[in-house]
Amino acid sequence: MNDGVLSQPPMAWRLCGNQVKLWRTEAGVTREELAREAGYGEETVKSMEQGRRRPTPEFLLAADQMFGARGKLIATQEYLQPDRFVPYAKDFMRYEAEAISLTSYQPLLIPGLLQTEETVRRLFDVNWPPVDDETIEERVKARLARQSILATQSKAFTFAIGEAALRNTLDRPEAHKRQLLHLLEVGRQRNVVIQVLPSGGANPGLNGPFVLLESRDHERYAYEEGQTSSALHSNPEKVNSLIHRHALIAQCALNPEDSARFIRKLADEL
């Protein structure tokens, strides 16, 4: 997926805005008249009609009543809710939910399945481009909801986390301490393994993060995510390469017991 696709407003916004414009034109109402009735500026109405801004419930109600749409425009509201996940991650989320095992390597961030709510909010707050509060709220809830799969004892989870991720307080030392303690708590589950990859030296993990998944049918997938795009691989050659890479990363990492002691030491220093 290229940057041009990701920079487009959601299709639902554009479709809804275009419908309002078509109804308005057929009713012989000017954009200025609609703006006055809805209580918005004309430029705001134009942005909503063009899909650059999400049509609000108040705007749709005014348009529906003004054009005699008899609820047809109001009914579009349920399709305008913020995306719970960024578009390019949706396929991965579906496979993640069904997987029997998940193996993750993250050099710079605490893995999403292990993040506390404070960490999740902080990361969304500094993300770019910024989104509105409603979208952030939806995505926070979605990420936290994903974490429920950790309670499925028949699923196996292995996390290799870079030391840099564990030392980065995100400018919130107290919140980060709670994050580290949360890692220790989750790491006590018998289906969860957490390893720390110390900084310094050369290792196969320098090329970036990835996640490995195994399905119930023992099919294997690999997921790589970048700044603005991602790739979900099923090609055996590509997947096997990353499986071997993770095995080498695990060899360079501390064992689970030493990793827990390392994380405890960092938490005690905060």
# chains A, B, ... in the order shown; residues from 1 in each chain; ligands from 1

$ select_by_dssp --residues "range 43-116 of chain A" --states "strand (DSSP E)" --output "NGL selection string"
:A and (101-106)

$ select_by_dssp --residues "range 21-267 of chain A" --states "alpha helix (DSSP H)" --output "number ranges by chain"
A: 21-27, 31-38, 42-49, 57-67, 90-98, 117-125, 133-146, 163-167, 173-187, 236-252, 256-267

$ closest_residue --among "A:Arg245, A:Thr56, A:Met66, A:Asn235" --to "Arg31 in chain A" --atoms "only C-alpha atoms"
A:Met66

$ residues_around --residues "Gln179 in chain A" --least-positions-apart "5" --cutoff "8 Å" --atoms "only C-alpha atoms" --output "PyMOL selection string"
chain A and resi 115-116+119

$ closest_residue --among "A:Leu254, A:Phe262, A:Arg54, A:Val196" --to "Asp132 in chain A" --atoms "only C-alpha atoms"
A:Arg54

$ atom_distance --atom1 "CA of Ala260 in chain A" --atom2 "CA of Asn203 in chain A"
21.1 Å

$ closest_residue --among "A:Val211, A:Ala145, A:Asp91, A:Gly205" --to "Pro111 in chain A" --atoms "only C-alpha atoms"
A:Val211

$ residues_around --residues "Glu163 in chain A" --least-positions-apart "5" --cutoff "9 Å" --atoms "only C-alpha atoms" --output "PyMOL selection string"
chain A and resi 107-108+168+196-199

$ closest_atom_pairs --of "range 90-198 of chain A" --to "range 6-26 of chain A" --cutoff "12 Å" --atoms "only C-alpha atoms" --output "CSV"
residue,atom,partner,partner_atom,distance
A:Trp128,CA,A:Ser7,CA,11.6
A:Pro129,CA,A:Ser7,CA,9.5
A:Val131,CA,A:Pro9,CA,11.4

$ write_last_selection --atoms "all heavy atoms" --output "PDB file, in the first residue's frame"
ATOM      1  N   TRP A 128       1.833  10.528  14.367  1.00  0.00           N
ATOM      2  CA  TRP A 128       1.660  11.520  13.302  1.00  0.00           C
ATOM      3  C   TRP A 128       1.277  10.805  12.010  1.00  0.00           C
ATOM      4  O   TRP A 128       1.827   9.753  11.708  1.00  0.00           O
ATOM      5  CB  TRP A 128       2.965  12.296  13.082  1.00  0.00           C
ATOM      6  CG  TRP A 128       2.754  13.463  12.161  1.00  0.00           C
ATOM      7  CD1 TRP A 128       2.937  13.493  10.804  1.00  0.00           C
ATOM      8  CD2 TRP A 128       2.267  14.757  12.519  1.00  0.00           C
ATOM      9  NE1 TRP A 128       2.607  14.729  10.303  1.00  0.00           N
ATOM     10  CE2 TRP A 128       2.190  15.527  11.343  1.00  0.00           C
ATOM     11  CE3 TRP A 128       1.892  15.344  13.726  1.00  0.00           C
ATOM     12  CZ2 TRP A 128       1.747  16.843  11.337  1.00  0.00           C
ATOM     13  CZ3 TRP A 128       1.458  16.647  13.715  1.00  0.00           C
ATOM     14  CH2 TRP A 128       1.388  17.388  12.543  1.00  0.00           C
ATOM     15  N   PRO A 129       0.310  11.322  11.271  1.00  0.00           N
ATOM     16  CA  PRO A 129      -0.420  12.568  11.519  1.00  0.00           C
ATOM     17  C   PRO A 129      -1.419  12.414  12.667  1.00  0.00           C
ATOM     18  O   PRO A 129      -1.902  11.309  12.917  1.00  0.00           O
ATOM     19  CB  PRO A 129      -1.153  12.813  10.193  1.00  0.00           C
ATOM     20  CG  PRO A 129      -1.325  11.449   9.614  1.00  0.00           C
ATOM     21  CD  PRO A 129      -0.092  10.693   9.999  1.00  0.00           C
ATOM     22  N   VAL A 131      -4.799  12.478  14.947  1.00  0.00           N
ATOM     23  CA  VAL A 131      -6.210  12.200  14.680  1.00  0.00           C
ATOM     24  C   VAL A 131      -7.038  12.776  15.820  1.00  0.00           C
ATOM     25  O   VAL A 131      -6.504  13.208  16.848  1.00  0.00           O
ATOM     26  CB  VAL A 131      -6.463  10.683  14.552  1.00  0.00           C
ATOM     27  CG1 VAL A 131      -5.735  10.117  13.340  1.00  0.00           C
ATOM     28  CG2 VAL A 131      -6.034   9.946  15.816  1.00  0.00           C
TER      29      VAL A 131
END

$ closest_residue --among "A:Ala63, A:Val239, A:Ala75, A:Leu170" --to "Val126 in chain A" --atoms "only C-alpha atoms"
A:Leu170

$ residues_around --residues "Glu174 in chain A" --least-positions-apart "6" --cutoff "12 Å" --atoms "only C-alpha atoms" --output "count of residues only"
10

$ residues_around --residues "Ala222 in chain A" --least-positions-apart "6" --cutoff "12 Å" --atoms "only C-alpha atoms" --output "PyMOL selection string"
chain A and resi 91-92+95-96+99+101-105+209-215+230-246

$ write_last_selection --atoms "N, CA, C and O atoms" --output "tab-separated table (two decimals), in the first residue's frame"
chain	number	residue	atom	x	y	z
A	91	ASP	N	-5.69	-7.06	8.33
A	91	ASP	CA	-5.49	-8.47	8.00
A	91	ASP	C	-4.70	-9.18	9.09
A	91	ASP	O	-5.03	-10.31	9.49
A	92	PHE	N	-3.66	-8.52	9.58
A	92	PHE	CA	-2.85	-9.11	10.64
A	92	PHE	C	-3.69	-9.38	11.88
A	92	PHE	O	-3.55	-10.44	12.51
A	95	TYR	N	-5.61	-12.64	11.59
A	95	TYR	CA	-4.77	-13.82	11.75
A	95	TYR	C	-4.28	-13.95	13.19
A	95	TYR	O	-4.16	-15.07	13.71
A	96	GLU	N	-3.98	-12.85	13.82
A	96	GLU	CA	-3.52	-12.85	15.21
A	96	GLU	C	-4.56	-13.48	16.12
A	96	GLU	O	-4.24	-14.27	17.01
A	99	ALA	N	-4.57	-17.33	15.65
A	99	ALA	CA	-3.30	-18.06	15.76
A	99	ALA	C	-3.22	-18.87	17.04
A	99	ALA	O	-3.81	-18.52	18.07
A	101	SER	N	-0.06	-19.71	18.07
A	101	SER	CA	1.18	-19.21	18.65
A	101	SER	C	1.57	-17.90	17.98
A	101	SER	O	1.30	-17.69	16.80
A	102	LEU	N	2.19	-17.04	18.77
A	102	LEU	CA	2.65	-15.73	18.29
A	102	LEU	C	4.04	-15.49	18.83
A	102	LEU	O	4.28	-15.63	20.03
A	103	THR	N	4.95	-15.16	17.93
A	103	THR	CA	6.33	-14.89	18.30
A	103	THR	C	6.68	-13.49	17.81
A	103	THR	O	6.58	-13.21	16.62
A	104	SER	N	7.06	-12.62	18.74
A	104	SER	CA	7.23	-11.21	18.40
A	104	SER	C	8.64	-10.73	18.75
A	104	SER	O	9.21	-11.11	19.77
A	105	TYR	N	9.16	-9.88	17.88
A	105	TYR	CA	10.40	-9.18	18.19
A	105	TYR	C	10.19	-7.69	17.99
A	105	TYR	O	9.77	-7.25	16.92
A	209	PRO	N	11.57	-4.80	13.51
A	209	PRO	CA	10.62	-5.70	14.19
A	209	PRO	C	9.86	-6.60	13.23
A	209	PRO	O	9.75	-6.33	12.03
A	210	PHE	N	9.33	-7.69	13.77
A	210	PHE	CA	8.45	-8.57	13.01
A	210	PHE	C	7.70	-9.48	13.98
A	210	PHE	O	8.07	-9.61	15.15
A	211	VAL	N	6.64	-10.10	13.47
A	211	VAL	CA	5.83	-11.03	14.26
A	211	VAL	C	5.62	-12.29	13.43
A	211	VAL	O	5.36	-12.22	12.22
A	212	LEU	N	5.73	-13.44	14.09
A	212	LEU	CA	5.47	-14.73	13.45
A	212	LEU	C	4.20	-15.33	14.02
A	212	LEU	O	3.99	-15.29	15.24
A	213	LEU	N	3.36	-15.88	13.16
A	213	LEU	CA	2.10	-16.49	13.58
A	213	LEU	C	2.02	-17.91	13.07
A	213	LEU	O	2.48	-18.21	11.97
A	214	GLU	N	1.40	-18.77	13.87
A	214	GLU	CA	1.10	-20.14	13.43
A	214	GLU	C	-0.38	-20.38	13.60
A	214	GLU	O	-0.94	-20.18	14.68
A	215	SER	N	-1.04	-20.83	12.53
A	215	SER	CA	-2.48	-21.04	12.55
A	215	SER	C	-2.81	-22.42	13.13
A	215	SER	O	-1.93	-23.25	13.36
A	230	SER	N	2.65	-2.07	5.79
A	230	SER	CA	2.99	-3.34	6.39
A	230	SER	C	2.91	-4.43	5.35
A	230	SER	O	2.40	-4.23	4.25
A	231	ALA	N	3.41	-5.61	5.72
A	231	ALA	CA	3.33	-6.76	4.82
A	231	ALA	C	3.08	-8.01	5.65
A	231	ALA	O	3.73	-8.24	6.67
A	232	LEU	N	2.09	-8.80	5.23
A	232	LEU	CA	1.80	-10.08	5.85
A	232	LEU	C	2.24	-11.16	4.87
A	232	LEU	O	1.68	-11.31	3.80
A	233	HIS	N	3.28	-11.92	5.24
A	233	HIS	CA	3.88	-12.89	4.33
A	233	HIS	C	3.37	-14.30	4.60
A	233	HIS	O	3.27	-14.73	5.75
A	234	SER	N	3.09	-15.03	3.53
A	234	SER	CA	2.77	-16.46	3.64
A	234	SER	C	3.77	-17.29	2.84
A	234	SER	O	3.77	-18.52	2.96
A	235	ASN	N	4.61	-16.62	2.05
A	235	ASN	CA	5.61	-17.32	1.26
A	235	ASN	C	6.56	-18.10	2.19
A	235	ASN	O	7.21	-17.51	3.05
A	236	PRO	N	6.65	-19.44	2.04
A	236	PRO	CA	7.45	-20.24	2.96
A	236	PRO	C	8.90	-19.80	3.07
A	236	PRO	O	9.48	-19.81	4.16
A	237	GLU	N	9.50	-19.41	1.96
A	237	GLU	CA	10.90	-18.98	1.99
A	237	GLU	C	11.08	-17.74	2.86
A	237	GLU	O	12.01	-17.66	3.67
A	238	LYS	N	10.17	-16.76	2.69
A	238	LYS	CA	10.25	-15.53	3.47
A	238	LYS	C	9.99	-15.81	4.95
A	238	LYS	O	10.70	-15.31	5.83
A	239	VAL	N	8.95	-16.62	5.22
A	239	VAL	CA	8.58	-16.92	6.60
A	239	VAL	C	9.69	-17.70	7.29
A	239	VAL	O	10.07	-17.39	8.43
A	240	ASN	N	10.24	-18.71	6.62
A	240	ASN	CA	11.31	-19.50	7.23
A	240	ASN	C	12.54	-18.67	7.53
A	240	ASN	O	13.23	-18.88	8.52
A	241	SER	N	12.83	-17.70	6.66
A	241	SER	CA	13.96	-16.81	6.90
A	241	SER	C	13.79	-16.05	8.20
A	241	SER	O	14.72	-15.92	9.00
A	242	LEU	N	12.57	-15.55	8.43
A	242	LEU	CA	12.32	-14.80	9.67
A	242	LEU	C	12.25	-15.72	10.89
A	242	LEU	O	12.61	-15.30	12.00
A	243	ILE	N	11.79	-16.95	10.71
A	243	ILE	CA	11.81	-17.91	11.82
A	243	ILE	C	13.24	-18.15	12.28
A	243	ILE	O	13.54	-18.14	13.48
A	244	HIS	N	14.14	-18.37	11.34
A	244	HIS	CA	15.55	-18.59	11.68
A	244	HIS	C	16.16	-17.32	12.28
A	244	HIS	O	16.98	-17.40	13.21
A	245	ARG	N	15.75	-16.18	11.76
A	245	ARG	CA	16.27	-14.92	12.30
A	245	ARG	C	15.86	-14.76	13.77
A	245	ARG	O	16.66	-14.36	14.61
A	246	HIS	N	14.60	-15.10	14.06
A	246	HIS	CA	14.15	-14.98	15.45
A	246	HIS	C	14.90	-15.96	16.35
A	246	HIS	O	15.22	-15.63	17.51

$ residues_around --residues "Ile74 in chain A" --least-positions-apart "5" --cutoff "9 Å" --atoms "only C-alpha atoms" --output "ChimeraX atom specification"
/A:57,60-61,63-64,69

$ atom_distance --atom1 "CA of Ile263 in chain A" --atom2 "CA of Arg122 in chain A"
20.4 Å

$ atom_distance --atom1 "CA of Phe67 in chain A" --atom2 "CA of Gln50 in chain A"
18.1 Å

$ closest_residue --among "A:Ile194, A:Pro55, A:Gln77, A:Ala165" --to "Ala253 in chain A" --atoms "only C-alpha atoms"
A:Ile194

$ closest_residue --among "A:Thr44, A:Thr76, A:Ser259, A:Gln106" --to "Leu183 in chain A" --atoms "only C-alpha atoms"
A:Ser259
